[in-house]
Amino acid sequence: MNTIITGLQWGDEGKGKIVDYLTESADVVIRSQGGNNAGHTVITNGTKYILHLLPSGVLWDGKINVIGNGVVIDPVGLVEEIQRIEAQGVAITPDKLLISDRAHIVLPIHKELDGAREIALGPHKIGTTKRGIGPAYADKINRCGLRVADFADTAYVTARITLRVAEANEIFARYGMPTFEAAAICAEVLAAFERLRPHVSNTIAVLHAAWKADQSLLFEGAQGTLLDVDFGTYPFVTSSNTTAGGACTGSGLPPMAIQRVIGVCKAYTTRVGSGPFPTADAGLSDYLHGLGREFGATTGRPRSCGWLDTVLLRFACMVNGVTDLAVTNLDGLDAYHTLEICTGYSIDGTLHTLPPAARDAWDRAVPVYEQLPGWNCDTTACTTYRELPAQAQAYLARLADLCGAPIAFVGVGPDRAQTIAF
Ligand code: GDP
Ligand code: IMO
Ligand code: MG
């Protein structure tokens with residue numbers, strides 16, 4: 001059985017934890033889009049790992065982890081991440097990690113361009129992670145990007161980077177920002193690439209061989225449906241297809257290779273960065289931040305928090321073809337008396353049960369809520385669905401009903417072990 005794990009909200013749903021949990025019964029774990037804008041937290045046996053570009057399957061021995069062609073790779077960032085994870089006792093060997101020769105490269109100037117654009121946008125900024133993701137994908141689509149396979153030819157890489165730095169410098173000069181030396185950037189990127197070279201592979205051939213051999217493939221999504229460049233709250237989105245389709249284009253495996261799509265959502269909603277968030281609730285944000293929860297894994301920014309929004313979830317289940325839900329962070333609601341679930345948006349007096357496209361419609365969307373009683377007890381030690389309090393079971397049942405998909409997993413704590421399988 002081959003499975004996509006996809007985020008149904010604005011990212012940080014707990015995808016990494018679910019991927020890690022399911023890796024035990026998988027052979028290959030594949031990242032197919034995004035870059036080190038992602039931050040996936042996995043806690044196992046009391047040790048916390050934060051993964052950005054490395055698939056969350058690296059924490060298991062004997063599994064193949066693939067960074068697919070659809071990912072944008074910051075070589076300097078990836079080497080730092082490998083070193084950090086290796087310092088935690090996890091070896092990242094060439095048989096464990098394969099990097100697609102077709103993946104695109106994030107250069108240091110892409111990060112600077114990302115930051116410059118945010119400054120120029122001022123109050124309209126996207127609130128990006130400043131990891132250069134948008135500019136790197138823009139170069140890919142604009143056919144001026146650099147790919148992993150290009151590193152077989154140092155002279156070509158040097159010439160391409162030199163040209164790209166000269167173009168970027170014109171923009172930095174316009175913004176009154178410092179410009180960059182192409183030679184220094186070439187040296188930094190080429191040096192980092194040497195650590196990655198043994199991992200480079202024709203991952204499309206590897207994945208097809210695994211598929212034909214009936215191995216179990218697990219696709220790890222990054223970001224979430226509402227950050228998808230087509231389906232999200234544009235322009236407050238990331239620059240890739242975060243939804244299920246991205247797993248195919250970003251890996252080279254066809255749709256018929258995939259049987260299951262697990263949509264991951266929190267039992268409430270969170271968002272980092274700018275953009276619409278109809279169910280945002282300052283009280284819930286303060287409460288969760290007070291518990292030390294909901295700070296971003298990549299940038300440390302506090303995430304805005306709000307009530308469960310089934311308008312988003314219903315849409316996300318549609319566009320991803322979700323077959324099963326994984327609901328994480330149920331324990332975050334343990335101490336609340338009354339819980340709100342958004343079932344629709346009222347926009348100019350008309351009820352909408354799917355998200356609008358227009359930016360100004362989002363601004364006028366007023367959530368329509370129904371209330372459910374809380375359970376007011378600790379769920380973090382529950383190991384089966386039956387052990388969950390009746391009110392929590394009712395909350396989950398209503399969530400599944402409103403989304404039109406069954407629940408397969410519930411998270412009641414950050415540790416791998418705090419996962420209930422139905
Ligand atoms: P991802 O980007 O989708 O992998 O999610 P992140 O790791 O960025 O954010 C999810 C956060 O919730 C992390 O801090 C996880 O450790 C934590 N987490 C995941 N599932 C649960 C859960 O069921 N309960 C609790 N308390 N924390 C969880
Ligand atoms: P994971 O995989 C949450 C958000 C940024 C910003 C927007 C664009 O951990 O769920 P970008 O740097 O991608 O150009 O930023 O997308 N964003 C995320 N938010 N989780 C993520 O990844 C995110 N990756 C990007 O905050 O709003
Ligand atoms: Mg995250």
# chains A, B, ... in the order shown; residues from 1 in each chain; ligands from 1

call {"tool": "residues_around", "arguments": {"residues": "segment 36-38 of chain A", "least_positions_apart": "6", "cutoff": "10 Å", "atoms": "only C-alpha atoms", "output": "number ranges by chain"}}
result
A: 11-12, 16, 50-54, 71-74, 77-78, 81, 106, 128-133, 221-223, 238, 296-299

call {"tool": "residues_around", "arguments": {"residues": "Thr343 of chain A", "least_positions_apart": "5", "cutoff": "7 Å", "atoms": "only C-alpha atoms", "output": "list in words"}}
result
Asp309, Thr310, Val311, Thr353, Val368 and Tyr369 of chain A

call {"tool": "residues_around", "arguments": {"residues": "Cys377 of chain A", "least_positions_apart": "6", "cutoff": "8 Å", "atoms": "only C-alpha atoms", "output": "ChimeraX atom specification"}}
result
/A:334-335,389

call {"tool": "write_last_selection", "arguments": {"atoms": "C-alpha atoms", "output": "short mmCIF file (atom, residue, chain, number, x, y, z; two decimals), in the first residue's frame"}}
result
data_model
loop_
_atom_site.label_atom_id
_atom_site.label_comp_id
_atom_site.auth_asym_id
_atom_site.auth_seq_id
_atom_site.Cartn_x
_atom_site.Cartn_y
_atom_site.Cartn_z
CA ASP A 334 -8.16 19.01 27.08
CA ALA A 335 -8.91 21.92 29.40
CA PRO A 389 -13.74 10.68 27.02
#

call {"tool": "residues_near_ligand", "arguments": {"ligand": "ligand 1", "cutoff": "7 Å", "atoms": "only C-alpha atoms and all ligand atoms", "output": "short mmCIF file (atom, residue, chain, number, x, y, z; two decimals) with C-alpha atoms, in the first residue's frame"}}
result
data_model
loop_
_atom_site.label_atom_id
_atom_site.label_comp_id
_atom_site.auth_asym_id
_atom_site.auth_seq_id
_atom_site.Cartn_x
_atom_site.Cartn_y
_atom_site.Cartn_z
CA GLY A 7 -1.48 18.70 5.46
CA GLY A 11 1.02 23.62 7.66
CA ASP A 12 2.36 22.35 11.00
CA GLU A 13 -0.49 19.86 11.33
CA GLY A 14 1.86 17.20 12.71
CA LYS A 15 2.74 15.53 9.40
CA GLY A 16 6.26 14.67 10.57
CA LYS A 17 4.97 12.80 13.59
CA ALA A 38 9.25 22.99 6.29
CA GLY A 39 9.86 22.18 9.95
CA HIS A 40 8.75 18.73 11.05
CA THR A 41 9.04 17.81 14.71
CA VAL A 42 9.37 14.19 15.75
CA ILE A 43 9.71 13.11 19.36
CA ALA A 222 5.30 19.67 3.44
CA GLN A 223 3.21 22.78 4.24
CA ARG A 293 2.70 25.17 22.46
CA GLU A 294 2.44 26.47 18.90
CA GLY A 296 7.14 27.47 14.69
CA ALA A 297 9.76 24.72 14.24
CA THR A 328 -3.36 15.58 15.95
CA ASN A 329 -3.10 17.67 19.10
CA LEU A 330 -6.45 16.58 20.47
CA ASP A 331 -4.84 17.02 23.91
CA GLY A 332 -4.45 20.75 23.21
CA VAL A 410 -5.57 10.58 16.67
CA GLY A 411 -2.62 12.29 18.36
CA VAL A 412 -2.81 12.89 22.11
CA GLY A 413 0.77 14.08 22.65
CA PRO A 414 3.94 14.86 20.70
CA GLN A 418 1.09 9.07 21.82
CA THR A 419 -0.72 8.04 18.66
#

call {"tool": "residues_around", "arguments": {"residues": "Gln371 of chain A", "least_positions_apart": "3", "cutoff": "12 Å", "atoms": "only C-alpha atoms", "output": "list in words"}}
result
Trp307, Leu308, Tyr336, His337, Thr338, Leu339, Glu340, Ile341, Cys342, Thr343, Val368, Gly374, Gln391, Ala394, Tyr395 and Arg398 of chain A

call {"tool": "write_last_selection", "arguments": {"atoms": "N, CA and C atoms", "output": "PDB file, in the first residue's frame"}}
result
ATOM      1  N   TRP A 307     -10.206  28.213  16.100  1.00  0.00           N
ATOM      2  CA  TRP A 307     -11.071  27.038  16.187  1.00  0.00           C
ATOM      3  C   TRP A 307     -10.981  26.179  14.944  1.00  0.00           C
ATOM      4  N   LEU A 308     -11.398  24.954  15.100  1.00  0.00           N
ATOM      5  CA  LEU A 308     -11.437  24.015  13.977  1.00  0.00           C
ATOM      6  C   LEU A 308     -12.302  24.597  12.869  1.00  0.00           C
ATOM      7  N   TYR A 336     -10.505  22.855  27.804  1.00  0.00           N
ATOM      8  CA  TYR A 336     -11.521  23.840  27.407  1.00  0.00           C
ATOM      9  C   TYR A 336     -12.932  23.352  27.719  1.00  0.00           C
ATOM     10  N   HIS A 337     -13.766  24.252  28.211  1.00  0.00           N
ATOM     11  CA  HIS A 337     -15.138  23.862  28.579  1.00  0.00           C
ATOM     12  C   HIS A 337     -16.041  23.704  27.363  1.00  0.00           C
ATOM     13  N   THR A 338     -15.983  24.719  26.479  1.00  0.00           N
ATOM     14  CA  THR A 338     -16.863  24.693  25.309  1.00  0.00           C
ATOM     15  C   THR A 338     -16.016  24.873  24.063  1.00  0.00           C
ATOM     16  N   LEU A 339     -16.227  24.018  23.076  1.00  0.00           N
ATOM     17  CA  LEU A 339     -15.428  24.065  21.852  1.00  0.00           C
ATOM     18  C   LEU A 339     -16.288  24.540  20.694  1.00  0.00           C
ATOM     19  N   GLU A 340     -15.668  25.329  19.821  1.00  0.00           N
ATOM     20  CA  GLU A 340     -16.389  25.853  18.655  1.00  0.00           C
ATOM     21  C   GLU A 340     -15.885  25.110  17.415  1.00  0.00           C
ATOM     22  N   ILE A 341     -16.813  24.758  16.551  1.00  0.00           N
ATOM     23  CA  ILE A 341     -16.437  24.202  15.246  1.00  0.00           C
ATOM     24  C   ILE A 341     -17.074  25.071  14.174  1.00  0.00           C
ATOM     25  N   CYS A 342     -16.251  25.566  13.256  1.00  0.00           N
ATOM     26  CA  CYS A 342     -16.779  26.385  12.167  1.00  0.00           C
ATOM     27  C   CYS A 342     -17.321  25.448  11.078  1.00  0.00           C
ATOM     28  N   THR A 343     -18.586  25.639  10.730  1.00  0.00           N
ATOM     29  CA  THR A 343     -19.226  24.757   9.738  1.00  0.00           C
ATOM     30  C   THR A 343     -19.453  25.471   8.407  1.00  0.00           C
ATOM     31  N   VAL A 368     -19.389  30.677  10.824  1.00  0.00           N
ATOM     32  CA  VAL A 368     -20.624  30.214  11.468  1.00  0.00           C
ATOM     33  C   VAL A 368     -20.214  29.029  12.336  1.00  0.00           C
ATOM     34  N   GLY A 374     -16.699  20.495  25.921  1.00  0.00           N
ATOM     35  CA  GLY A 374     -15.339  19.971  26.076  1.00  0.00           C
ATOM     36  C   GLY A 374     -15.338  18.757  26.982  1.00  0.00           C
ATOM     37  N   GLN A 391     -17.011  12.995  25.308  1.00  0.00           N
ATOM     38  CA  GLN A 391     -17.126  14.279  24.593  1.00  0.00           C
ATOM     39  C   GLN A 391     -16.058  14.380  23.499  1.00  0.00           C
ATOM     40  N   ALA A 394     -17.220  12.390  20.637  1.00  0.00           N
ATOM     41  CA  ALA A 394     -18.281  13.100  19.912  1.00  0.00           C
ATOM     42  C   ALA A 394     -17.683  14.209  19.040  1.00  0.00           C
ATOM     43  N   TYR A 395     -16.665  14.899  19.582  1.00  0.00           N
ATOM     44  CA  TYR A 395     -15.997  15.975  18.821  1.00  0.00           C
ATOM     45  C   TYR A 395     -15.372  15.388  17.556  1.00  0.00           C
ATOM     46  N   ARG A 398     -17.998  14.346  14.985  1.00  0.00           N
ATOM     47  CA  ARG A 398     -18.568  15.492  14.276  1.00  0.00           C
ATOM     48  C   ARG A 398     -17.575  16.017  13.225  1.00  0.00           C
TER      49      ARG A 398
END

call {"tool": "residues_around", "arguments": {"residues": "segment 191-206 of chain A", "least_positions_apart": "3", "cutoff": "6 Å", "atoms": "only C-alpha atoms", "output": "PyMOL selection string"}}
result
chain A and resi 75-76+94+98-101+187-188+209+252

call {"tool": "write_last_selection", "arguments": {"atoms": "N, CA and C atoms", "output": "PDB file, in the first residue's frame"}}
result
ATOM      1  N   PRO A  75      21.730  23.586  -0.428  1.00  0.00           N
ATOM      2  CA  PRO A  75      22.807  22.642  -0.078  1.00  0.00           C
ATOM      3  C   PRO A  75      23.459  22.983   1.258  1.00  0.00           C
ATOM      4  N   VAL A  76      23.626  24.296   1.507  1.00  0.00           N
ATOM      5  CA  VAL A  76      24.271  24.699   2.764  1.00  0.00           C
ATOM      6  C   VAL A  76      23.364  24.313   3.936  1.00  0.00           C
ATOM      7  N   PRO A  94      24.658   7.178   2.546  1.00  0.00           N
ATOM      8  CA  PRO A  94      24.141   7.191   1.163  1.00  0.00           C
ATOM      9  C   PRO A  94      23.098   6.111   0.896  1.00  0.00           C
ATOM     10  N   LEU A  98      18.632   9.379  -0.419  1.00  0.00           N
ATOM     11  CA  LEU A  98      18.878   9.573  -1.847  1.00  0.00           C
ATOM     12  C   LEU A  98      18.347  10.946  -2.248  1.00  0.00           C
ATOM     13  N   ILE A  99      19.147  11.657  -3.042  1.00  0.00           N
ATOM     14  CA  ILE A  99      18.758  13.001  -3.492  1.00  0.00           C
ATOM     15  C   ILE A  99      18.576  12.969  -5.005  1.00  0.00           C
ATOM     16  N   SER A 100      17.434  13.424  -5.468  1.00  0.00           N
ATOM     17  CA  SER A 100      17.155  13.401  -6.910  1.00  0.00           C
ATOM     18  C   SER A 100      18.118  14.279  -7.691  1.00  0.00           C
ATOM     19  N   ASP A 101      18.612  13.742  -8.793  1.00  0.00           N
ATOM     20  CA  ASP A 101      19.489  14.541  -9.665  1.00  0.00           C
ATOM     21  C   ASP A 101      18.711  15.625 -10.405  1.00  0.00           C
ATOM     22  N   ALA A 187      31.927  29.257  -4.114  1.00  0.00           N
ATOM     23  CA  ALA A 187      32.784  28.460  -3.219  1.00  0.00           C
ATOM     24  C   ALA A 187      31.938  27.817  -2.123  1.00  0.00           C
ATOM     25  N   GLU A 188      31.015  28.583  -1.537  1.00  0.00           N
ATOM     26  CA  GLU A 188      30.180  28.072  -0.439  1.00  0.00           C
ATOM     27  C   GLU A 188      29.274  26.931  -0.919  1.00  0.00           C
ATOM     28  N   ALA A 209      11.456   1.085  -9.346  1.00  0.00           N
ATOM     29  CA  ALA A 209      11.886  -0.286  -9.002  1.00  0.00           C
ATOM     30  C   ALA A 209      11.243  -0.718  -7.685  1.00  0.00           C
ATOM     31  N   GLY A 252       7.904  11.554  -9.708  1.00  0.00           N
ATOM     32  CA  GLY A 252       7.976  10.765 -10.943  1.00  0.00           C
ATOM     33  C   GLY A 252       7.169   9.483 -10.871  1.00  0.00           C
TER      34      GLY A 252
END

call {"tool": "atom_distance", "arguments": {"atom1": "atom CA of Ile67 of chain A", "atom2": "atom CA of Cys144 of chain A"}}
result
21.0 Å
